[in-house]
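To start, the structure itself, in structure tokens.
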Amino acid sequence: MEMEVMSKVQRLYDACNHVFGQEELPTFLQIQSLKDLLDSFEAVDVGIDEFSSPGSPSSSPEGIRELICGQGVPEITYIHIHECDYFSIGIFCFPAGAIFPLHDHPRMTVLSKLLYGSVYVKAYDWVKLEKSCSRTIGLARNVEDGIRNAPSEPSILFPENGGNIHSFTALTPCAILDVLSPPYSEEFGRPSTYFSEFPIPALPGYTLLEEKDLPGDLVVIGAPYLGPPLSLYKCTNAKACIYT
């Protein structure tokens with residue numbers, strides 16, 4: 001009898017559960033191992049047909065389950081895979097021309113894999129910041145300003161470096177698989193904050209960033225996850241997890 005092959009998304013979930021569910025901070029080698037695992041992903045591994053549009057014949061092998069049409073999302077679309085206290089896994093799908101404005105990831109580590117398409121990325125790290133009238137303002141250094149084309153290796157951003165504040169502009173239909181640890185949480189002081197940019201001509205590569213309200217034209221819709229099912233753990237604490 002042939003053994004069933006574990007799906008990539010199950011392997012990713014299990015690895016994240018191990019790395020981010022421990023009491024100790026993850027090591028560089030553990031983060032690197034997650035990056036290597038993420039690098040193996042293709043769109044079909046998470047239930048997306050990157051080549052299809054609504055009404056067009058599927059490019060997926062005959063008999064495969066229904067997939068999200070990668071070329072047919074009308075708005076920025078979030079596909080939720082999993083979220084717990086320690087990490088979240090999800091996918092952002094973009095139509096061509098869509099913009100996800102400049103935002104941060106407070107006290108978070110984020111691994112991202114561009115699954116298909118091309119996206120323009122601008123990213124910053126703080127040099128100095130302060131609170132002014134309960135709003136964040138500060139000097140930031142540009143660490144990325146260019147185009148990513150799939151296939152490309154995953155990126156990693158950390159709480160204080162790697163481009164913790166970034167924006168995306170989809171040049172073609174594209175999708176980004178994200179792992180966040182810990183996830184966003186208003187309750188625990190990890191809200192998503194958006195920023196306006198004010199370049200400093202006398203300091204090339206540096207920009208003043210000022211917190212702004214949630215952009216009124218930012219629309220993100222949801223779509224169901226159609227990839228391989230997950231066998232989830234029920235975590236009562238970082239050291240005690242059981243299957244459900």
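All residue names refer to the structure tokens as shown: chains lettered A, B, ... in order, residues numbered from 1 in each chain, ligands numbered from 1 in order.
Excluding Trp126 in chain A itself and any same-chain residue fewer than 3 positions from it, the protein and nucleic acid residues within 7 Å of it, counting only C-alpha atoms, are Leu129, Leu139, Ala140 and Arg141 of chain A.
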List every residue of range 73-158 of chain A that has an atom at most 9 Å from any atom of range 175-190 of chain A, giving for each one its closest atom pair and the distance in Å to one decimal, counting only C-alpha atoms, sorted by chain and then by ascending residue number, as JSON lines.
{"residue": "A:Glu83", "atom": "CA", "partner": "A:Pro183", "partner_atom": "CA", "distance": 7.4}
{"residue": "A:Cys84", "atom": "CA", "partner": "A:Pro183", "partner_atom": "CA", "distance": 7.8}
{"residue": "A:Asp85", "atom": "CA", "partner": "A:Pro182", "partner_atom": "CA", "distance": 6.7}
{"residue": "A:Tyr86", "atom": "CA", "partner": "A:Pro182", "partner_atom": "CA", "distance": 4.9}
{"residue": "A:Phe87", "atom": "CA", "partner": "A:Ser181", "partner_atom": "CA", "distance": 4.3}
{"residue": "A:Ser88", "atom": "CA", "partner": "A:Leu180", "partner_atom": "CA", "distance": 5.3}
{"residue": "A:Ile89", "atom": "CA", "partner": "A:Val179", "partner_atom": "CA", "distance": 4.7}
{"residue": "A:Gly90", "atom": "CA", "partner": "A:Asp178", "partner_atom": "CA", "distance": 5.5}
{"residue": "A:Ile91", "atom": "CA", "partner": "A:Leu177", "partner_atom": "CA", "distance": 4.4}
{"residue": "A:Phe92", "atom": "CA", "partner": "A:Ile176", "partner_atom": "CA", "distance": 5.2}
{"residue": "A:Cys93", "atom": "CA", "partner": "A:Ala175", "partner_atom": "CA", "distance": 4.2}
{"residue": "A:Phe94", "atom": "CA", "partner": "A:Ala175", "partner_atom": "CA", "distance": 6.0}
{"residue": "A:Pro95", "atom": "CA", "partner": "A:Ala175", "partner_atom": "CA", "distance": 8.9}
{"residue": "A:His105", "atom": "CA", "partner": "A:Arg190", "partner_atom": "CA", "distance": 7.4}
{"residue": "A:Pro106", "atom": "CA", "partner": "A:Arg190", "partner_atom": "CA", "distance": 5.5}
{"residue": "A:Arg107", "atom": "CA", "partner": "A:Arg190", "partner_atom": "CA", "distance": 7.3}
{"residue": "A:Met108", "atom": "CA", "partner": "A:Ser181", "partner_atom": "CA", "distance": 5.5}
{"residue": "A:Thr109", "atom": "CA", "partner": "A:Ser181", "partner_atom": "CA", "distance": 5.3}
{"residue": "A:Val110", "atom": "CA", "partner": "A:Leu180", "partner_atom": "CA", "distance": 4.6}
{"residue": "A:Leu111", "atom": "CA", "partner": "A:Val179", "partner_atom": "CA", "distance": 5.1}
{"residue": "A:Ser112", "atom": "CA", "partner": "A:Asp178", "partner_atom": "CA", "distance": 4.6}
{"residue": "A:Lys113", "atom": "CA", "partner": "A:Leu177", "partner_atom": "CA", "distance": 5.1}
{"residue": "A:Leu114", "atom": "CA", "partner": "A:Ile176", "partner_atom": "CA", "distance": 4.5}
{"residue": "A:Leu115", "atom": "CA", "partner": "A:Ala175", "partner_atom": "CA", "distance": 5.5}
{"residue": "A:Tyr116", "atom": "CA", "partner": "A:Ala175", "partner_atom": "CA", "distance": 5.9}
{"residue": "A:Gly117", "atom": "CA", "partner": "A:Ala175", "partner_atom": "CA", "distance": 7.1}
{"residue": "A:Ser118", "atom": "CA", "partner": "A:Ala175", "partner_atom": "CA", "distance": 8.9}
**Message:** Which residues are close to Asp49 in chain A, i.e. within 6 Å by only C-alpha atoms, leaving aside same-chain residues fewer than 5 positions away? Reply as a list of chain:residue names.
**Reply:** A:Val44, A:Leu67, A:Ile68, A:Cys69, A:Gly70
So that I have them on file, write out the residues from the current selection with all heavy atoms, as a compact mmCIF listing (two decimals), in the first residue's frame.
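As a result, again-v9.txt now contains:
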# COMPACT_ATOMS: atom_id res chain seq x y z
N VAL A 44 -0.68 26.19 -7.51
CA VAL A 44 -1.59 25.03 -7.43
C VAL A 44 -1.51 24.34 -6.08
O VAL A 44 -2.47 23.69 -5.65
CB VAL A 44 -1.28 24.04 -8.59
CG1 VAL A 44 0.07 23.36 -8.37
CG2 VAL A 44 -2.40 23.04 -8.75
N LEU A 67 -10.34 25.04 -8.49
CA LEU A 67 -9.29 25.97 -8.07
C LEU A 67 -9.75 27.41 -8.26
O LEU A 67 -10.64 27.70 -9.04
CB LEU A 67 -8.00 25.74 -8.87
CG LEU A 67 -7.37 24.34 -8.80
CD1 LEU A 67 -6.13 24.29 -9.68
CD2 LEU A 67 -7.02 23.96 -7.37
N ILE A 68 -9.12 28.32 -7.51
CA ILE A 68 -9.33 29.75 -7.70
C ILE A 68 -8.74 30.17 -9.05
O ILE A 68 -7.64 29.74 -9.42
CB ILE A 68 -8.65 30.56 -6.58
CG1 ILE A 68 -9.28 30.25 -5.22
CG2 ILE A 68 -8.68 32.04 -6.88
CD1 ILE A 68 -10.63 30.87 -4.99
N CYS A 69 -9.45 31.00 -9.80
CA CYS A 69 -8.96 31.51 -11.09
C CYS A 69 -7.97 32.63 -10.84
O CYS A 69 -8.36 33.76 -10.50
CB CYS A 69 -10.12 31.99 -11.95
SG CYS A 69 -11.28 30.70 -12.43
N GLY A 70 -6.71 32.37 -11.03
CA GLY A 70 -5.68 33.35 -10.70
C GLY A 70 -5.73 34.61 -11.53
O GLY A 70 -5.32 35.68 -11.08
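Closest to Ser134 in chain A among A:Val19, A:Glu210, A:Leu203, A:Ile76 is A:Glu210, based on only C-alpha atoms.
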**Every residue of chain A that DSSP places in helix (DSSP H, G or I), as a PyMOL selection string** = chain A and resi 8-20+28-39+43-46
Only N, CA, C and O atoms, please: the residues just picked out, written as an mmCIF file, in the first residue's frame.
data_model
loop_
_atom_site.group_PDB
_atom_site.id
_atom_site.type_symbol
_atom_site.label_atom_id
_atom_site.label_comp_id
_atom_site.auth_asym_id
_atom_site.auth_seq_id
_atom_site.Cartn_x
_atom_site.Cartn_y
_atom_site.Cartn_z
ATOM 1 N N LYS A 8 2.261 20.118 0.644
ATOM 2 C CA LYS A 8 3.200 21.176 1.016
ATOM 3 C C LYS A 8 2.606 22.090 2.072
ATOM 4 O O LYS A 8 3.305 22.540 2.992
ATOM 5 N N VAL A 9 1.317 22.379 1.949
ATOM 6 C CA VAL A 9 0.708 23.298 2.909
ATOM 7 C C VAL A 9 0.629 22.659 4.298
ATOM 8 O O VAL A 9 0.773 23.346 5.311
ATOM 9 N N GLN A 10 0.457 21.329 4.359
ATOM 10 C CA GLN A 10 0.486 20.654 5.652
ATOM 11 C C GLN A 10 1.883 20.695 6.244
ATOM 12 O O GLN A 10 2.063 20.921 7.456
ATOM 13 N N ARG A 11 2.886 20.504 5.406
ATOM 14 C CA ARG A 11 4.268 20.579 5.879
ATOM 15 C C ARG A 11 4.590 21.967 6.397
ATOM 16 O O ARG A 11 5.266 22.132 7.418
ATOM 17 N N LEU A 12 4.084 23.000 5.687
ATOM 18 C CA LEU A 12 4.317 24.370 6.123
ATOM 19 C C LEU A 12 3.633 24.629 7.459
ATOM 20 O O LEU A 12 4.230 25.223 8.370
ATOM 21 N N TYR A 13 2.393 24.187 7.590
ATOM 22 C CA TYR A 13 1.672 24.364 8.849
ATOM 23 C C TYR A 13 2.404 23.670 9.996
ATOM 24 O O TYR A 13 2.596 24.255 11.072
ATOM 25 N N ASP A 14 2.812 22.431 9.792
ATOM 26 C CA ASP A 14 3.504 21.687 10.844
ATOM 27 C C ASP A 14 4.811 22.380 11.237
ATOM 28 O O ASP A 14 5.149 22.480 12.424
ATOM 29 N N ALA A 15 5.556 22.860 10.225
ATOM 30 C CA ALA A 15 6.829 23.525 10.504
ATOM 31 C C ALA A 15 6.613 24.832 11.262
ATOM 32 O O ALA A 15 7.333 25.138 12.220
ATOM 33 N N CYS A 16 5.594 25.620 10.858
ATOM 34 C CA CYS A 16 5.295 26.869 11.569
ATOM 35 C C CYS A 16 4.857 26.593 12.989
ATOM 36 O O CYS A 16 5.227 27.321 13.923
ATOM 37 N N ASN A 17 4.073 25.545 13.162
ATOM 38 C CA ASN A 17 3.607 25.195 14.497
ATOM 39 C C ASN A 17 4.776 24.858 15.409
ATOM 40 O O ASN A 17 4.797 25.222 16.591
ATOM 41 N N HIS A 18 5.766 24.180 14.849
ATOM 42 C CA HIS A 18 6.950 23.814 15.634
ATOM 43 C C HIS A 18 7.821 25.036 15.920
ATOM 44 O O HIS A 18 8.232 25.265 17.068
ATOM 45 N N VAL A 19 8.088 25.839 14.885
ATOM 46 C CA VAL A 19 9.026 26.952 15.026
ATOM 47 C C VAL A 19 8.438 28.081 15.870
ATOM 48 O O VAL A 19 9.100 28.623 16.768
ATOM 49 N N PHE A 20 7.192 28.453 15.594
ATOM 50 C CA PHE A 20 6.601 29.610 16.262
ATOM 51 C C PHE A 20 5.824 29.245 17.526
ATOM 52 O O PHE A 20 5.476 30.134 18.308
ATOM 53 N N PHE A 28 17.905 31.538 13.573
ATOM 54 C CA PHE A 28 18.078 31.892 12.165
ATOM 55 C C PHE A 28 17.915 30.661 11.286
ATOM 56 O O PHE A 28 17.292 30.725 10.216
ATOM 57 N N LEU A 29 18.459 29.528 11.719
ATOM 58 C CA LEU A 29 18.360 28.309 10.913
ATOM 59 C C LEU A 29 16.915 27.853 10.777
ATOM 60 O O LEU A 29 16.508 27.340 9.724
ATOM 61 N N GLN A 30 16.112 28.014 11.831
ATOM 62 C CA GLN A 30 14.696 27.640 11.751
ATOM 63 C C GLN A 30 13.946 28.533 10.768
ATOM 64 O O GLN A 30 13.124 28.052 9.980
ATOM 65 N N ILE A 31 14.217 29.843 10.815
ATOM 66 C CA ILE A 31 13.583 30.754 9.869
ATOM 67 C C ILE A 31 14.026 30.428 8.445
ATOM 68 O O ILE A 31 13.223 30.446 7.501
ATOM 69 N N GLN A 32 15.298 30.116 8.283
ATOM 70 C CA GLN A 32 15.806 29.765 6.962
ATOM 71 C C GLN A 32 15.143 28.500 6.435
ATOM 72 O O GLN A 32 14.839 28.389 5.240
ATOM 73 N N SER A 33 14.889 27.535 7.325
ATOM 74 C CA SER A 33 14.228 26.302 6.891
ATOM 75 C C SER A 33 12.804 26.574 6.426
ATOM 76 O O SER A 33 12.320 25.966 5.466
ATOM 77 N N LEU A 34 12.110 27.504 7.092
ATOM 78 C CA LEU A 34 10.772 27.890 6.650
ATOM 79 C C LEU A 34 10.836 28.579 5.285
ATOM 80 O O LEU A 34 9.993 28.350 4.422
ATOM 81 N N LYS A 35 11.841 29.425 5.105
ATOM 82 C CA LYS A 35 12.022 30.095 3.818
ATOM 83 C C LYS A 35 12.237 29.072 2.703
ATOM 84 O O LYS A 35 11.647 29.177 1.617
ATOM 85 N N ASP A 36 13.068 28.067 2.968
ATOM 86 C CA ASP A 36 13.341 27.036 1.967
ATOM 87 C C ASP A 36 12.068 26.264 1.630
ATOM 88 O O ASP A 36 11.819 25.925 0.464
ATOM 89 N N LEU A 37 11.260 25.974 2.638
ATOM 90 C CA LEU A 37 10.006 25.261 2.410
ATOM 91 C C LEU A 37 9.050 26.117 1.589
ATOM 92 O O LEU A 37 8.414 25.643 0.636
ATOM 93 N N LEU A 38 8.960 27.397 1.930
ATOM 94 C CA LEU A 38 8.084 28.315 1.209
ATOM 95 C C LEU A 38 8.515 28.431 -0.254
ATOM 96 O O LEU A 38 7.673 28.595 -1.152
ATOM 97 N N ASP A 39 9.804 28.341 -0.489
ATOM 98 C CA ASP A 39 10.349 28.493 -1.842
ATOM 99 C C ASP A 39 9.884 27.377 -2.776
ATOM 100 O O ASP A 39 9.912 27.538 -4.002
ATOM 101 N N ALA A 43 1.447 27.989 -7.161
ATOM 102 C CA ALA A 43 0.069 28.414 -6.915
ATOM 103 C C ALA A 43 -0.869 27.221 -6.723
ATOM 104 O O ALA A 43 -1.753 27.230 -5.861
ATOM 105 N N VAL A 44 -0.684 26.186 -7.509
ATOM 106 C CA VAL A 44 -1.587 25.035 -7.432
ATOM 107 C C VAL A 44 -1.510 24.341 -6.077
ATOM 108 O O VAL A 44 -2.471 23.692 -5.645
ATOM 109 N N ASP A 45 -0.401 24.504 -5.360
ATOM 110 C CA ASP A 45 -0.242 23.877 -4.047
ATOM 111 C C ASP A 45 -1.187 24.465 -3.012
ATOM 112 O O ASP A 45 -1.419 23.863 -1.959
ATOM 113 N N VAL A 46 -1.725 25.674 -3.287
ATOM 114 C CA VAL A 46 -2.655 26.316 -2.357
ATOM 115 C C VAL A 46 -4.005 26.581 -3.022
ATOM 116 O O VAL A 46 -4.748 27.467 -2.632
#
**Complete:** One decimal place gives the CA of Ser152 in chain A-CA of Gly47 in chain A separation as 19.5 Å
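Here CA of Glu130 in chain A stands at a distance of 27.8 Å from CA of Gly146 in chain A.
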